[in-house]
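Visitor: Supplied in C-alpha cells, the structure appears directly below.
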Amino acid sequence: MDTIEAIMTTRAMRRYSDRPVEQADIETCLRAAQQAPSGGNVQPQQYVVVQDPAKRAALGELYRTAFDRYERSLPEPSTFADERQAAAWRRTRDASRHLADHLGDVPVIVVFLQPLIPWSPSDEEGPMDIGRLDASVYPAVQNFCVAARALGLGTALTTVIRIHTAEVLALLGAPEGRYEVAALTPLGYPTGNFGIAPRKPAAAVTHWDSWGDKRR
Ligand SMILES: Cc1cc2nc3c(=O)[nH]c(=O)nc-3n(C[C@H](O)[C@H](O)[C@H](O)COP(=O)(O)O)c2cc1C
C-alpha cells in the first residue's frame, strides 16, 4: 500500500471481528515500531503483546472500569451548540463505549510500556528541558498503527487504562514501580471500513516563517 494512503487512513478503529491475526503480521508491526526515532536513540519502550484469552479478558475488564470512570467526566453531546459537532462527539463516544465493552474480545492487545527513568540532563546551569520521555515512545506507537493499517489491521491508540496502571503492570508481570503504561492498542481486523478521518485542514494550523502568516 502507498505510504501516504496508509498514513491518511490510519485512525481509531474500535469495532473488531474475531478473525485471528497472523503472528508474522504482529511481528511486522513491532519491527516498524522499533524503527521509530527516540532521544539519543535510547529506544525506551517495551511491548507486551497479549493474546492469551484470560489475560485479554482481565485487561478488557480493567479497561472497561477505567473507561466507565472517564466516561462520567465527559460532556453530554446535548450541551454542544453546534449540532454537527454534537453528532461527531456522540459517534466517538459510542464507538469508545463499544471498544470499552469489547476490548477483551479483540484477538490481540498491545501494551506499550515506558520506563520510569530520569529524563532531564543537568549541568552547572541546572536541569535542561530536552522534552519528555513520552516523545520517544509515541512515535513507535504510531509506526505500529500505520504498519498495521498497511496490513489491513485496525488499531486505536488509547491511554485511559493508565487509571489502572498498577493493576495492569501486575497482570502483565512487569517489574513493579519501574514502568508506566504509555499506550494500549487493540490489534485486529475491523468490522468497519478504513477512511480518512475528519481533521482541521493543515493550512489552518500552519504558519510560514512567522506566526500568523498562513497561506491558504
Ligand atoms: C494520547 C491519546 C489518548 C487516547 N486515548 C483514548 C482512549 O483511552 N480511548 C479511546 O477510545 N480512544 C483514545 N484515543 C483515540 C482518540 O479518541 C482518537 O484518536 C480521536 O478521537 C480521533 O479519532 P479518528 O482518528 O478516528 O478520527 C486517544 C488518542 C490519543 C492520541
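Ligands are numbered from 1 in the order shown, residues from 1 within each chain, and chains are lettered A, B, ... in the order they appear in the C-alpha cells.
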If you count only C-alpha atoms and all ligand atoms, which residues end up within 9 Å of ligand 1, as number ranges by chain?

Guide: A: 9-14, 63, 66-67, 70, 89, 92-93, 95-100, 138, 156-162, 182-184, 195-199

Visitor: Residues as selected, N, CA, C and O atoms, written as a compact mmCIF listing (two decimals), in the first residue's frame, can you do that?

Guide:
```txt
# COMPACT_ATOMS: atom_id res chain seq x y z
N THR A 9 -5.18 7.07 6.23
CA THR A 9 -6.35 6.25 6.61
C THR A 9 -6.11 5.49 7.92
O THR A 9 -6.88 4.59 8.24
N THR A 10 -5.06 5.85 8.64
CA THR A 10 -4.87 5.27 9.98
C THR A 10 -5.67 6.10 10.96
O THR A 10 -5.43 7.30 11.11
N ARG A 11 -6.66 5.50 11.58
CA ARG A 11 -7.50 6.23 12.53
C ARG A 11 -7.96 5.25 13.61
O ARG A 11 -7.66 4.06 13.53
N ALA A 12 -8.66 5.75 14.60
CA ALA A 12 -9.10 4.89 15.71
C ALA A 12 -10.18 3.93 15.21
O ALA A 12 -11.27 4.36 14.83
N MET A 13 -9.85 2.65 15.19
CA MET A 13 -10.83 1.62 14.81
C MET A 13 -11.26 0.95 16.11
O MET A 13 -10.44 0.43 16.85
N ARG A 14 -12.54 0.95 16.39
CA ARG A 14 -12.97 0.49 17.72
C ARG A 14 -13.94 -0.69 17.68
O ARG A 14 -14.43 -1.11 18.73
N TYR A 63 -9.84 -2.15 31.48
CA TYR A 63 -10.08 -1.04 30.55
C TYR A 63 -11.52 -0.55 30.71
O TYR A 63 -11.77 0.66 30.75
N ALA A 66 -11.93 1.51 33.81
CA ALA A 66 -11.26 2.82 33.63
C ALA A 66 -12.13 3.71 32.76
O ALA A 66 -12.33 4.90 33.06
N PHE A 67 -12.66 3.12 31.68
CA PHE A 67 -13.48 3.93 30.78
C PHE A 67 -14.78 4.37 31.45
O PHE A 67 -15.24 5.50 31.24
N TYR A 70 -13.91 7.42 33.34
CA TYR A 70 -13.60 8.52 32.41
C TYR A 70 -14.87 9.04 31.74
O TYR A 70 -15.08 10.25 31.63
N TRP A 89 -19.25 14.01 18.16
CA TRP A 89 -18.85 13.65 19.52
C TRP A 89 -19.63 12.41 19.99
O TRP A 89 -19.07 11.50 20.61
N THR A 92 -18.10 9.32 18.38
CA THR A 92 -16.83 8.95 19.02
C THR A 92 -17.09 8.31 20.38
O THR A 92 -16.51 7.28 20.73
N ARG A 93 -18.01 8.93 21.12
CA ARG A 93 -18.30 8.40 22.46
C ARG A 93 -18.91 7.00 22.38
O ARG A 93 -18.53 6.10 23.13
N ALA A 95 -18.59 4.81 19.94
CA ALA A 95 -17.56 3.85 19.48
C ALA A 95 -16.59 3.54 20.62
O ALA A 95 -16.18 2.38 20.80
N SER A 96 -16.25 4.56 21.40
CA SER A 96 -15.34 4.35 22.53
C SER A 96 -15.97 3.44 23.57
O SER A 96 -15.30 2.57 24.17
N ARG A 97 -17.27 3.63 23.77
CA ARG A 97 -18.02 2.77 24.71
C ARG A 97 -18.00 1.31 24.21
O ARG A 97 -17.80 0.37 24.97
N HIS A 98 -18.20 1.17 22.89
CA HIS A 98 -18.20 -0.18 22.31
C HIS A 98 -16.84 -0.85 22.55
O HIS A 98 -16.79 -2.01 22.97
N LEU A 99 -15.77 -0.10 22.28
CA LEU A 99 -14.44 -0.68 22.49
C LEU A 99 -14.27 -1.07 23.96
O LEU A 99 -13.76 -2.16 24.27
N ALA A 100 -14.72 -0.19 24.85
CA ALA A 100 -14.57 -0.48 26.29
C ALA A 100 -15.32 -1.76 26.67
O ALA A 100 -14.87 -2.52 27.52
N TYR A 138 5.85 7.60 21.75
CA TYR A 138 4.67 7.68 20.87
C TYR A 138 4.99 7.55 19.37
O TYR A 138 4.13 7.04 18.64
N ALA A 156 -6.22 1.30 17.76
CA ALA A 156 -6.70 2.56 18.36
C ALA A 156 -5.75 2.89 19.49
O ALA A 156 -5.64 2.11 20.45
N LEU A 157 -5.03 3.99 19.35
CA LEU A 157 -4.12 4.40 20.41
C LEU A 157 -4.98 4.85 21.59
O LEU A 157 -5.78 5.78 21.45
N THR A 158 -4.86 4.20 22.73
CA THR A 158 -5.65 4.60 23.89
C THR A 158 -4.74 4.75 25.12
O THR A 158 -3.68 4.11 25.20
N THR A 159 -5.21 5.57 26.06
CA THR A 159 -4.42 5.78 27.29
C THR A 159 -5.26 5.70 28.57
O THR A 159 -4.71 5.80 29.66
N VAL A 160 -6.57 5.54 28.43
CA VAL A 160 -7.42 5.61 29.62
C VAL A 160 -7.08 4.50 30.63
O VAL A 160 -7.30 4.66 31.84
N ILE A 161 -6.47 3.44 30.16
CA ILE A 161 -6.08 2.33 31.03
C ILE A 161 -5.09 2.77 32.11
O ILE A 161 -4.92 2.11 33.14
N ARG A 162 -4.43 3.92 31.87
CA ARG A 162 -3.47 4.42 32.87
C ARG A 162 -4.12 4.62 34.24
O ARG A 162 -3.43 4.60 35.26
N ALA A 182 2.40 3.62 28.49
CA ALA A 182 2.35 4.75 27.55
C ALA A 182 1.07 4.68 26.73
O ALA A 182 0.42 5.70 26.48
N ALA A 183 0.73 3.49 26.30
CA ALA A 183 -0.46 3.33 25.45
C ALA A 183 -0.88 1.88 25.41
O ALA A 183 -0.09 0.98 25.74
N LEU A 184 -2.11 1.70 25.02
CA LEU A 184 -2.63 0.35 24.79
C LEU A 184 -3.36 0.41 23.46
O LEU A 184 -4.12 1.35 23.21
N GLY A 195 -10.93 4.83 6.49
CA GLY A 195 -11.24 6.03 5.70
C GLY A 195 -10.44 7.19 6.26
O GLY A 195 -9.75 7.05 7.28
N ILE A 196 -10.52 8.30 5.57
CA ILE A 196 -9.80 9.50 6.03
C ILE A 196 -10.64 10.19 7.10
O ILE A 196 -11.77 10.59 6.84
N ALA A 197 -10.09 10.31 8.30
CA ALA A 197 -10.84 10.91 9.41
C ALA A 197 -10.91 12.42 9.25
O ALA A 197 -9.99 13.03 8.69
N PRO A 198 -12.00 13.03 9.73
CA PRO A 198 -12.10 14.49 9.62
C PRO A 198 -11.05 15.18 10.51
O PRO A 198 -10.87 14.80 11.66
N ARG A 199 -10.37 16.13 9.94
CA ARG A 199 -9.36 16.91 10.67
C ARG A 199 -9.42 18.36 10.19
O ARG A 199 -9.88 18.63 9.09
```

Visitor: Tell me which protein, DNA and RNA residues are within 8 Å of Ala135 in chain A, counting only C-alpha atoms, leaving out same-chain ones fewer than 4 positions away, and put them as number ranges by chain.

Guide: A: 38-39, 131, 139

Visitor: Could you tell me, as number ranges by chain, which residues of range 51-198 of chain A DSSP assigns to strand (DSSP E or B) when given the backbone?

Guide: A: 108-115, 122-123, 126-127, 154-155, 158, 179-188, 190
